[in-house]
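Engineer: The structure file start_8.cif (mmCIF, C-alpha atoms and all ligand atoms) is provided below.
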```cif
data_protein
#
loop_
_atom_site.label_atom_id
_atom_site.label_comp_id
_atom_site.auth_asym_id
_atom_site.auth_seq_id
_atom_site.Cartn_x
_atom_site.Cartn_y
_atom_site.Cartn_z
CA MET A 1 54.46 -88.57 -47.85
CA SER A 2 52.86 -90.71 -45.24
CA ILE A 3 52.73 -88.01 -42.56
CA VAL A 4 53.41 -84.28 -42.69
CA LEU A 5 52.98 -82.30 -39.50
CA ARG A 6 53.57 -78.55 -39.75
CA LYS A 7 54.16 -75.99 -37.03
CA VAL A 8 52.30 -77.65 -34.23
CA ASN A 9 52.06 -76.07 -30.79
CA HIS A 10 50.08 -77.82 -28.10
CA PHE A 11 48.96 -76.70 -24.67
CA TYR A 12 47.38 -78.49 -21.73
CA GLY A 13 45.92 -75.49 -19.93
CA GLU A 14 48.86 -73.14 -19.33
CA GLN A 15 51.47 -75.81 -19.92
CA GLN A 16 53.01 -76.04 -23.37
CA ALA A 17 53.57 -79.70 -24.32
CA LEU A 18 54.72 -79.11 -27.94
CA LYS A 19 56.64 -76.15 -29.34
CA ASP A 20 56.61 -75.45 -33.06
CA VAL A 21 56.96 -79.10 -34.05
CA SER A 22 57.20 -80.11 -37.72
CA ILE A 23 57.97 -83.62 -38.95
CA GLU A 24 57.71 -85.60 -42.15
CA VAL A 25 57.49 -89.36 -42.55
CA SER A 26 57.93 -90.64 -46.08
CA ASP A 27 56.42 -93.84 -47.45
CA ASN A 28 58.00 -97.00 -46.00
CA GLN A 29 59.98 -94.98 -43.47
CA ILE A 30 60.24 -95.87 -39.80
CA VAL A 31 60.69 -92.87 -37.54
CA ALA A 32 61.51 -93.00 -33.84
CA LEU A 33 60.47 -90.22 -31.47
CA LEU A 34 63.17 -90.27 -28.82
CA GLY A 35 63.33 -88.22 -25.65
CA PRO A 36 62.98 -88.19 -21.88
CA SER A 37 59.73 -88.58 -20.01
CA GLY A 38 57.40 -85.61 -20.46
CA CYS A 39 59.03 -84.20 -23.63
CA GLY A 40 55.81 -84.55 -25.63
CA LYS A 41 56.27 -87.80 -27.56
CA THR A 42 52.90 -89.32 -26.68
CA THR A 43 51.11 -86.04 -27.31
CA LEU A 44 52.58 -85.97 -30.82
CA LEU A 45 51.43 -89.53 -31.48
CA ARG A 46 47.93 -88.81 -30.17
CA LEU A 47 47.65 -85.75 -32.42
CA ILE A 48 48.56 -87.84 -35.46
CA ALA A 49 46.03 -90.49 -34.47
CA GLY A 50 43.33 -87.86 -33.90
CA LEU A 51 42.90 -88.81 -30.23
CA GLU A 52 43.92 -85.26 -29.38
CA ARG A 53 42.69 -82.24 -31.39
CA LEU A 54 45.25 -80.14 -33.18
CA GLN A 55 45.31 -76.62 -31.67
CA SER A 56 47.50 -75.06 -34.35
CA GLY A 57 49.34 -76.04 -37.51
CA GLU A 58 48.42 -78.69 -40.06
CA LEU A 59 48.47 -82.46 -40.36
CA TYR A 60 48.53 -84.32 -43.68
CA LEU A 61 48.19 -88.11 -43.94
CA GLN A 62 48.89 -89.67 -47.34
CA ASP A 63 49.07 -86.12 -48.70
CA SER A 64 45.51 -85.28 -47.59
CA LEU A 65 44.84 -82.58 -45.06
CA VAL A 66 43.19 -84.33 -42.08
CA ALA A 67 43.55 -81.73 -39.34
CA ALA A 68 43.87 -77.95 -39.51
CA PRO A 69 42.13 -75.96 -36.77
CA GLN A 70 42.27 -72.73 -38.73
CA GLN A 71 40.19 -74.34 -41.44
CA ALA A 72 38.06 -76.21 -38.89
CA ILE A 73 39.21 -79.57 -40.26
CA HIS A 74 39.42 -82.54 -37.90
CA LEU A 75 39.03 -86.03 -39.28
CA ALA A 76 37.90 -88.55 -36.64
CA PRO A 77 40.48 -91.21 -35.61
CA GLU A 78 38.59 -94.04 -37.34
CA GLN A 79 38.67 -92.14 -40.64
CA ARG A 80 42.47 -91.81 -40.63
CA ALA A 81 43.43 -95.40 -41.59
CA ILE A 82 46.02 -95.45 -38.85
CA GLY A 83 47.01 -98.50 -36.83
CA MET A 84 47.98 -98.14 -33.21
CA MET A 85 49.86 -100.20 -30.73
CA PHE A 86 50.36 -98.93 -27.24
CA GLN A 87 52.36 -100.06 -24.25
CA ASP A 88 49.35 -101.76 -22.65
CA TYR A 89 48.44 -103.65 -25.78
CA ALA A 90 45.15 -104.81 -24.16
CA LEU A 91 43.89 -107.71 -26.23
CA PHE A 92 40.19 -108.55 -25.87
CA PRO A 93 40.28 -111.25 -23.15
CA HIS A 94 37.10 -113.03 -24.24
CA MET A 95 38.23 -113.42 -27.85
CA SER A 96 40.57 -115.99 -29.38
CA VAL A 97 43.81 -114.94 -31.07
CA ARG A 98 42.06 -115.25 -34.44
CA LYS A 99 39.11 -113.09 -33.36
CA ASN A 100 41.43 -110.52 -31.83
CA ILE A 101 43.48 -110.17 -35.00
CA GLU A 102 40.47 -110.20 -37.33
CA TYR A 103 38.60 -107.69 -35.19
CA GLY A 104 39.62 -104.58 -37.11
CA LEU A 105 39.41 -106.00 -40.65
CA ARG A 106 37.52 -103.76 -42.98
CA LYS A 107 34.55 -104.96 -45.05
CA GLN A 108 36.31 -104.35 -48.35
CA GLN A 109 39.23 -106.59 -47.40
CA ASP A 110 39.34 -110.09 -48.80
CA LEU A 111 38.95 -112.36 -45.78
CA ALA A 112 40.66 -115.39 -47.33
CA THR A 113 43.75 -113.37 -48.29
CA ARG A 114 43.94 -111.71 -44.89
CA ARG A 115 43.59 -115.05 -43.12
CA GLY A 116 46.45 -116.36 -45.20
CA TRP A 117 48.56 -113.38 -44.18
CA ILE A 118 47.63 -113.80 -40.49
CA GLU A 119 48.60 -117.47 -40.48
CA GLU A 120 51.83 -116.86 -42.33
CA SER A 121 52.78 -114.02 -39.98
CA LEU A 122 52.06 -116.15 -36.91
CA ASP A 123 54.19 -118.93 -38.41
CA ASN A 124 57.06 -116.50 -39.03
CA MET A 125 56.88 -115.50 -35.39
CA GLY A 126 56.99 -119.10 -34.19
CA MET A 127 53.33 -119.06 -33.10
CA GLN A 128 51.87 -121.82 -35.24
CA GLY A 129 48.73 -123.40 -33.86
CA LEU A 130 47.84 -120.62 -31.44
CA LEU A 131 44.92 -119.20 -33.42
CA GLU A 132 42.18 -120.60 -31.20
CA ARG A 133 43.93 -119.86 -27.90
CA PHE A 134 42.78 -117.08 -25.57
CA PRO A 135 45.06 -114.18 -24.54
CA HIS A 136 45.44 -115.26 -20.89
CA THR A 137 47.01 -118.53 -22.08
CA LEU A 138 49.78 -116.69 -23.98
CA SER A 139 53.08 -115.33 -22.70
CA GLY A 140 53.70 -111.56 -22.66
CA GLY A 141 55.81 -111.77 -25.81
CA GLN A 142 53.15 -113.79 -27.62
CA GLN A 143 50.45 -111.30 -26.63
CA GLN A 144 52.65 -108.49 -27.92
CA ARG A 145 52.98 -110.20 -31.29
CA VAL A 146 49.21 -110.73 -31.51
CA ALA A 147 48.69 -107.04 -30.73
CA LEU A 148 51.10 -106.13 -33.53
CA LEU A 149 49.26 -108.31 -36.04
CA ARG A 150 45.90 -106.95 -34.86
CA ALA A 151 47.17 -103.43 -35.55
CA LEU A 152 48.50 -104.40 -39.00
CA ALA A 153 45.66 -106.69 -40.17
CA PRO A 154 43.47 -103.85 -41.50
CA GLU A 155 46.47 -102.74 -43.63
CA PRO A 156 46.76 -99.28 -42.08
CA SER A 157 48.49 -96.58 -44.09
CA THR A 158 50.71 -95.88 -41.07
CA LEU A 159 51.36 -97.61 -37.75
CA LEU A 160 51.88 -95.67 -34.53
CA LEU A 161 53.67 -97.45 -31.70
CA ASP A 162 53.99 -96.04 -28.19
CA GLU A 163 56.76 -97.75 -26.20
CA PRO A 164 55.57 -101.09 -27.56
CA PHE A 165 58.28 -103.27 -26.02
CA SER A 166 58.70 -101.72 -22.61
CA ALA A 167 56.76 -104.43 -20.76
CA LEU A 168 59.06 -107.18 -22.07
CA ASP A 169 62.30 -108.36 -20.52
CA GLU A 170 65.53 -107.50 -22.31
CA HIS A 171 66.00 -110.75 -24.22
CA LEU A 172 62.40 -110.93 -25.42
CA ARG A 173 62.38 -107.23 -26.22
CA GLN A 174 65.24 -107.69 -28.66
CA GLN A 175 63.47 -110.58 -30.36
CA VAL A 176 60.05 -108.92 -30.65
CA ARG A 177 61.76 -105.73 -31.86
CA GLU A 178 63.43 -107.65 -34.69
CA GLU A 179 60.16 -109.37 -35.62
CA THR A 180 58.31 -106.07 -35.59
CA LEU A 181 60.88 -104.52 -37.90
CA ASP A 182 60.61 -107.52 -40.24
CA VAL A 183 56.82 -107.27 -40.43
CA LEU A 184 56.87 -103.50 -40.98
CA LYS A 185 59.41 -103.82 -43.79
CA LYS A 186 57.64 -106.80 -45.37
CA THR A 187 54.29 -105.02 -45.37
CA ASN A 188 55.87 -101.67 -46.39
CA THR A 189 54.11 -99.99 -43.51
CA PRO A 190 55.51 -96.63 -42.47
CA ALA A 191 55.63 -96.24 -38.71
CA VAL A 192 56.24 -93.75 -35.94
CA MET A 193 57.50 -95.28 -32.73
CA VAL A 194 57.85 -93.57 -29.38
CA THR A 195 60.74 -94.72 -27.26
CA HIS A 196 63.03 -93.37 -24.58
CA ASP A 197 65.68 -95.97 -25.40
CA PRO A 198 68.33 -94.54 -27.79
CA LEU A 199 69.59 -97.98 -28.79
CA GLU A 200 66.09 -99.14 -29.61
CA ALA A 201 65.59 -96.00 -31.73
CA MET A 202 68.88 -96.68 -33.54
CA PHE A 203 67.99 -100.29 -34.16
CA ILE A 204 64.53 -99.81 -35.57
CA ALA A 205 64.42 -96.38 -37.17
CA ASP A 206 65.45 -94.94 -40.53
CA LYS A 207 65.19 -91.52 -38.93
CA ILE A 208 65.33 -90.40 -35.31
CA VAL A 209 63.54 -87.30 -34.06
CA VAL A 210 65.13 -86.29 -30.77
CA MET A 211 62.79 -84.26 -28.56
CA GLU A 212 63.43 -82.25 -25.45
CA LYS A 213 60.96 -80.07 -23.52
CA GLY A 214 58.33 -80.15 -26.26
CA GLY A 215 60.65 -79.17 -29.10
CA ILE A 216 62.65 -81.06 -31.72
CA VAL A 217 66.37 -80.92 -31.04
CA GLN A 218 67.56 -82.96 -34.01
CA ASN A 219 65.90 -84.88 -36.82
CA ALA A 220 68.28 -87.08 -38.79
CA SER A 221 69.45 -90.61 -39.57
CA PRO A 222 70.71 -92.70 -36.62
CA GLN A 223 74.31 -92.43 -37.87
CA GLU A 224 74.11 -88.66 -38.23
CA ILE A 225 72.64 -88.30 -34.74
CA TYR A 226 75.37 -90.50 -33.30
CA ASN A 227 78.29 -88.95 -35.20
CA ASN A 228 77.17 -85.32 -35.36
CA PRO A 229 74.97 -84.61 -32.37
CA LYS A 230 73.49 -81.11 -32.38
CA ASN A 231 73.99 -80.41 -28.69
CA ALA A 232 75.28 -81.88 -25.44
CA PHE A 233 71.95 -83.52 -24.65
CA VAL A 234 72.02 -85.54 -27.90
CA ALA A 235 75.75 -86.32 -27.57
CA ALA A 236 75.14 -87.79 -24.12
CA LEU A 237 72.21 -89.98 -25.18
CA PHE A 238 74.19 -92.98 -26.36
CA GLY A 239 75.70 -94.75 -23.38
CA PRO A 240 77.47 -93.25 -20.39
CA SER A 241 79.49 -90.10 -20.94
CA ASN A 242 81.47 -87.45 -19.10
CA ARG A 243 80.31 -83.84 -19.17
CA PHE A 244 82.41 -80.75 -18.45
CA GLU A 245 82.00 -77.02 -18.68
CA ALA A 246 84.82 -74.62 -19.47
CA ASP A 247 85.52 -71.16 -20.85
CA VAL A 248 87.05 -71.08 -24.32
CA GLU A 249 90.56 -69.62 -24.38
CA ASP A 250 92.83 -69.44 -27.43
CA ASN A 251 90.25 -71.46 -29.37
CA LYS A 252 90.61 -74.34 -26.96
CA VAL A 253 88.65 -75.75 -24.07
CA HIS A 254 90.64 -76.89 -21.09
CA THR A 255 89.15 -79.79 -19.17
CA PRO A 256 90.53 -82.18 -16.57
CA LEU A 257 90.70 -84.75 -19.40
CA GLY A 258 92.82 -82.56 -21.64
CA HIS A 259 92.64 -79.63 -24.07
CA PHE A 260 90.31 -79.83 -27.05
CA PRO A 261 89.62 -77.57 -30.07
CA ALA A 262 86.79 -75.14 -29.34
CA ASN A 263 84.92 -76.34 -32.42
CA GLY A 264 83.57 -72.94 -33.41
CA VAL A 265 82.66 -71.77 -29.90
CA ASP A 266 83.98 -68.22 -29.51
CA ASN A 267 86.76 -67.24 -27.14
CA GLN A 268 85.55 -66.22 -23.65
CA GLN A 269 82.29 -68.11 -24.23
CA ARG A 270 81.24 -70.92 -21.95
CA ALA A 271 81.34 -74.37 -23.57
CA GLU A 272 79.86 -77.76 -22.73
CA ILE A 273 82.06 -80.74 -23.48
CA ILE A 274 80.91 -84.36 -23.76
CA VAL A 275 83.38 -87.23 -23.87
CA ARG A 276 81.73 -90.61 -24.25
CA ALA A 277 82.96 -93.31 -21.88
CA LYS A 278 83.93 -95.51 -24.83
CA ASP A 279 86.30 -92.81 -26.10
CA ILE A 280 88.47 -92.78 -22.99
CA VAL A 281 91.47 -95.05 -23.17
CA VAL A 282 92.80 -96.44 -19.90
CA HIS A 283 96.55 -97.21 -19.86
CA GLN A 284 98.36 -99.27 -17.28
CA LEU A 285 101.79 -97.83 -17.92
CA GLU A 286 102.72 -94.39 -16.70
CA ASN A 287 102.92 -91.71 -19.39
CA SER A 288 103.57 -88.10 -18.51
CA ASP A 289 101.42 -86.89 -21.47
CA GLN A 290 98.41 -88.61 -20.06
CA ILE A 291 96.13 -87.93 -17.14
CA GLU A 292 96.67 -89.76 -13.91
CA ALA A 293 93.71 -91.44 -12.26
CA THR A 294 92.86 -94.08 -9.67
CA VAL A 295 90.44 -96.95 -10.27
CA ILE A 296 87.35 -96.63 -8.06
CA SER A 297 85.61 -99.67 -9.52
CA VAL A 298 86.07 -102.00 -12.43
CA HIS A 299 83.57 -104.43 -13.92
CA ALA A 300 84.33 -107.09 -16.52
CA MET A 301 81.24 -107.09 -18.77
CA GLY A 302 82.04 -109.79 -21.32
CA ASN A 303 83.77 -108.05 -24.19
CA GLU A 304 83.97 -104.71 -22.38
CA THR A 305 85.48 -103.45 -19.15
CA HIS A 306 83.61 -100.67 -17.35
CA PHE A 307 85.59 -98.30 -15.14
CA ARG A 308 84.80 -95.58 -12.65
CA LEU A 309 87.91 -93.49 -12.09
CA GLN A 310 89.04 -90.67 -9.85
CA LEU A 311 91.22 -88.00 -11.45
CA SER A 312 94.33 -87.05 -9.51
CA ASN A 313 94.04 -83.45 -10.77
CA MET A 314 90.36 -83.20 -9.71
CA PRO A 315 89.64 -85.82 -7.03
CA GLU A 316 85.97 -84.85 -6.62
CA ARG A 317 85.33 -85.80 -10.25
CA VAL A 318 84.31 -89.36 -11.20
CA ILE A 319 85.07 -90.38 -14.78
CA HIS A 320 83.35 -93.20 -16.63
CA ALA A 321 85.38 -95.20 -19.13
CA ARG A 322 84.59 -98.29 -21.21
CA MET A 323 87.33 -100.33 -22.81
CA ARG A 324 86.84 -103.01 -25.43
CA ASP A 325 89.62 -105.15 -23.98
CA HIS A 326 89.39 -107.42 -21.03
CA TRP A 327 91.29 -105.73 -18.26
CA GLN A 328 92.53 -106.98 -14.93
CA ALA A 329 92.70 -104.13 -12.46
CA SER A 330 91.70 -103.68 -8.88
CA THR A 331 90.31 -100.79 -6.91
CA GLY A 332 93.02 -98.32 -5.96
CA THR A 333 95.28 -99.09 -8.96
CA LYS A 334 96.91 -96.04 -10.58
CA VAL A 335 96.18 -95.70 -14.32
CA TRP A 336 96.69 -93.08 -17.07
CA LEU A 337 93.96 -91.78 -19.36
CA SER A 338 93.82 -90.39 -22.86
CA VAL A 339 90.92 -89.44 -25.12
CA ASN A 340 90.53 -90.97 -28.58
CA GLY A 341 91.43 -88.62 -31.44
CA ASP A 342 88.79 -85.92 -31.90
CA ALA A 343 86.21 -87.68 -29.78
CA ALA A 344 85.36 -84.72 -27.53
CA PHE A 345 82.11 -82.99 -28.54
CA VAL A 346 82.24 -79.27 -27.80
CA PHE A 347 79.11 -77.05 -27.86
CA PRO A 348 78.27 -73.54 -26.77
CA LYS A 349 76.79 -73.76 -23.28
CA ALA A 350 73.01 -73.74 -23.70
CA SER A 351 71.38 -70.67 -22.23
CA LEU A 352 68.39 -71.48 -20.07
P1 LIG B 401 56.44 -90.30 -21.31
O1 LIG B 401 57.68 -90.83 -21.94
O2 LIG B 401 56.55 -90.21 -19.81
O3 LIG B 401 55.18 -90.98 -21.76
P2 LIG B 401 56.03 -88.12 -23.19
O4 LIG B 401 57.28 -87.62 -23.79
O5 LIG B 401 55.21 -89.08 -23.98
O6 LIG B 401 56.32 -88.74 -21.76
P3 LIG B 401 53.64 -86.53 -23.01
O7 LIG B 401 52.82 -87.63 -22.41
O8 LIG B 401 53.34 -86.15 -24.41
O9 LIG B 401 55.19 -86.81 -22.84
O10 LIG B 401 53.47 -85.24 -22.07
C1 LIG B 401 54.06 -83.98 -22.38
C2 LIG B 401 53.71 -83.01 -21.26
O11 LIG B 401 52.32 -82.73 -21.24
C3 LIG B 401 54.04 -83.54 -19.87
O12 LIG B 401 54.53 -82.50 -19.09
C4 LIG B 401 52.71 -84.04 -19.35
O13 LIG B 401 52.65 -83.95 -17.95
C5 LIG B 401 51.73 -83.12 -20.02
N1 LIG B 401 50.44 -83.78 -20.31
C6 LIG B 401 50.27 -84.88 -21.07
N2 LIG B 401 48.95 -85.22 -21.16
C7 LIG B 401 48.29 -84.30 -20.42
C8 LIG B 401 46.91 -84.09 -20.09
N3 LIG B 401 45.95 -84.88 -20.59
N4 LIG B 401 46.61 -83.06 -19.29
C9 LIG B 401 47.57 -82.23 -18.81
N5 LIG B 401 48.88 -82.36 -19.08
C10 LIG B 401 49.25 -83.38 -19.86
#
```
Could you express the structure from this file as structure tokens?
Structural biologist:
Amino acid sequence: MSIVLRKVNHFYGEQQALKDVSIEVSDNQIVALLGPSGCGKTTLLRLIAGLERLQSGELYLQDSLVAAPQQAIHLAPEQRAIGMMFQDYALFPHMSVRKNIEYGLRKQQDLATRRGWIEESLDNMGMQGLLERFPHTLSGGQQQRVALLRALAPEPSTLLLDEPFSALDEHLRQQVREETLDVLKKTNTPAVMVTHDPLEAMFIADKIVVMEKGGIVQNASPQEIYNNPKNAFVAALFGPSNRFEADVEDNKVHTPLGHFPANGVDNQQRAEIIVRAKDIVVHQLENSDQIEATVISVHAMGNETHFRLQLSNMPERVIHARMRDHWQASTGTKVWLSVNGDAAFVFPKASL
């Protein structure tokens, strides 16, 4: 195992930032920590790096115990063989690209081999000939790539990345994300990446750890998280969705979008229902089995059409729908809605 973190609680004064958190990262695995601002992602990363002291629990890196407050063990960050790349990747401004990347090389590393790797990696990223340039002469994306290679040059046993692409624009972010994934896989470097972007987590990670309010909500493969979300919060992470609450009656929940199986939630209990926008089908022809609505707005987005709709049976409620087809419709048009197969996620209403 590359990382094993067991039963970690963490407080800043009175405030609890992490609640009974345990995670495992196996060799070569890329794990994304996904969750809203303030849920404890950065704290978790800093604990692994040793920048924050563990207050309880245990941390193993490469199967060695490196932090355990009860046994008074706390290995310093520089003794943990961990690479780090943060949002503000802060290259040394007075050093060339070469000097920046070579900065962290360890004495026992073979300089010629590492230089070969650095040059090859720069080539693969389309950055041939930039070795003697200074950071201020590089674009943001180029600086990001240099920061990545600087973090990987010492051959860390694990790489920690904290929102590494958030300063880049969308197009560049996608490209640098792909390159980062390529380098991590090529070098067999396990990694933990913090992100609040569910699609980014899906793209890069073998396993996603979803966090909320300091705790882990779900820890599973991207497909599992997408197809079998543990609760309404996870179900609603991936793109726009519609959320309802209803009491369960006769093993069904009754929502303005239709009646769905209660999915194990007991009768008389309150349920939360999530229907993703992509699972709502908008029909132009009237059908008495379907739900009548009026188009509030419609946006053609290339291969998708995005709708906001007002339900006739609940006019105060705005529904979001996304259709794969290209659709011509104008504001005020009457349409009819149905929900794809068993696409409604039903959960017991979370108690506060
Ligand atoms: P973001 O996505 O905004 O970076 P995060 O999920 O990384 O958020 P953390 O930075 O780990 O969250 O913070 C978790 C909680 O702990 C937050 O409520 C934050 O305000 C608090 N916190 C973090 N660092 C400190 C600190 N040094 N002192 C006091 N409270 C802190």
Engineer: Please list as a PyMOL selection string every residue within 12 Å of stretch 115-122 of chain A, counting all atoms listed in the file and excluding residues in the same chain fewer than 2 positions away.
Structural biologist: chain A and resi 97-103+105+109-113+124-132+142-155+179-180+182-184+186-187
Engineer: Here is a test: counting all atoms listed in the file, which residue of A:Ile3, A:Glu163, A:Ile216, A:Ser96 is nearest to A:Asp63?
Structural biologist: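 Smallest separation from A:Asp63 among the options: A:Ile3.
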Engineer: Step by step, measure atom-to-atom distances between ligand LIG 401 (chain B) and each residue using only C-alpha atoms and all ligand atoms, keep those at most 9 Å, then write them as number ranges by chain.
Structural biologist: A: 10-13, 15-18, 33-46, 162-163, 194-196, 211-214
Engineer: Let's have the selection written as a short mmCIF file (atom, residue, chain, number, x, y, z; two decimals), keeping the file's coordinate frame, with C-alpha atoms.
Structural biologist:
```
data_model
loop_
_atom_site.label_atom_id
_atom_site.label_comp_id
_atom_site.auth_asym_id
_atom_site.auth_seq_id
_atom_site.Cartn_x
_atom_site.Cartn_y
_atom_site.Cartn_z
CA HIS A 10 50.08 -77.82 -28.10
CA PHE A 11 48.96 -76.70 -24.67
CA TYR A 12 47.38 -78.49 -21.73
CA GLY A 13 45.92 -75.49 -19.93
CA GLN A 15 51.47 -75.81 -19.92
CA GLN A 16 53.01 -76.04 -23.37
CA ALA A 17 53.57 -79.70 -24.32
CA LEU A 18 54.72 -79.11 -27.94
CA LEU A 33 60.47 -90.22 -31.47
CA LEU A 34 63.17 -90.27 -28.82
CA GLY A 35 63.33 -88.22 -25.65
CA PRO A 36 62.98 -88.19 -21.88
CA SER A 37 59.73 -88.58 -20.01
CA GLY A 38 57.40 -85.61 -20.46
CA CYS A 39 59.03 -84.20 -23.63
CA GLY A 40 55.81 -84.55 -25.63
CA LYS A 41 56.27 -87.80 -27.56
CA THR A 42 52.90 -89.32 -26.68
CA THR A 43 51.11 -86.04 -27.31
CA LEU A 44 52.58 -85.97 -30.82
CA LEU A 45 51.43 -89.53 -31.48
CA ARG A 46 47.93 -88.81 -30.17
CA ASP A 162 53.99 -96.04 -28.19
CA GLU A 163 56.76 -97.75 -26.20
CA VAL A 194 57.85 -93.57 -29.38
CA THR A 195 60.74 -94.72 -27.26
CA HIS A 196 63.03 -93.37 -24.58
CA MET A 211 62.79 -84.26 -28.56
CA GLU A 212 63.43 -82.25 -25.45
CA LYS A 213 60.96 -80.07 -23.52
CA GLY A 214 58.33 -80.15 -26.26
#
```
Engineer: Could you please determine the separation between atom CA of A:Arg114 and atom CA of A:Thr137 in Å, to one decimal place?
Structural biologist: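 For atom CA of A:Arg114 relative to atom CA of A:Thr137, the distance reads 24.0 Å.
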Engineer: Take the point (86.6, -93.8, -7.9) as written in the file and pick out every residue within 9 Å of it, counting all atoms listed in the file; give the list as a list in words.
Structural biologist: Ala293, Thr294, Val295, Ile296, Ser297, Phe307, Arg308, Leu309, Gln310, Leu311, Pro315, Arg317, Val318, Ile319, Thr331 and Gly332 of chain A
Engineer: Distance atom CA of A:Ala271-atom CA of A:Asn231, one decimal place?
Structural biologist: 10.8 Å
Engineer: Between A:His254, A:Asn242, A:Met193, A:Leu199, single out the one closest to A:Tyr226, counting only C-alpha atoms.
Structural biologist: A:Leu199
Engineer: Draw an axis-aligned box over all listed atoms of stretch 94-112 of chain A, pad each side with 8 Å, and write its centre and edge lengths in Å, one decimal, as JSON.
Structural biologist:
```
{"center_x": 39.2, "center_y": -109.9, "center_z": -36.5, "size_x": 25.3, "size_y": 28.2, "size_z": 40.6}
```
Engineer: Considering all atoms listed in the file, state which residue in the set A:Met1, A:Ala205, A:Leu75, A:Leu59 is at the smallest distance from A:Ala32.
Structural biologist: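 Using all atoms listed in the file, the shortest distance to A:Ala32 belongs to A:Ala205.
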Engineer: Mind giving me the straight-line distance from atom CA of A:Val176 to atom CA of A:Asp123 in Å, one decimal?
Structural biologist: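 So the two atoms, atom CA of A:Val176 and atom CA of A:Asp123, lie 14.0 Å apart.
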Engineer: Write out as a list in words each polymer residue whose atoms come within 12 Å of A:Glu24, counting only C-alpha atoms; drop sequence neighbours fewer than 4 positions from it.
Structural biologist: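 Listing them by chain and then by number gives Met1, Ser2, Ile3, Val4, Leu5, Arg6, Lys7, Gln29, Ile30, Val31, Ala32, Leu33, Ile48, Glu58, Leu59, Tyr60, Leu61, Gln62, Asp63, Pro190, Ala191, Val192, Lys207, Ile208, Val209, Asn219 and Ala220 of chain A.
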Engineer: From the list A:Ala67, A:Val346, A:Val298, A:Leu91, which residue is nearest A:Gly264 when using all atoms listed in the file?
Structural biologist: A:Val346
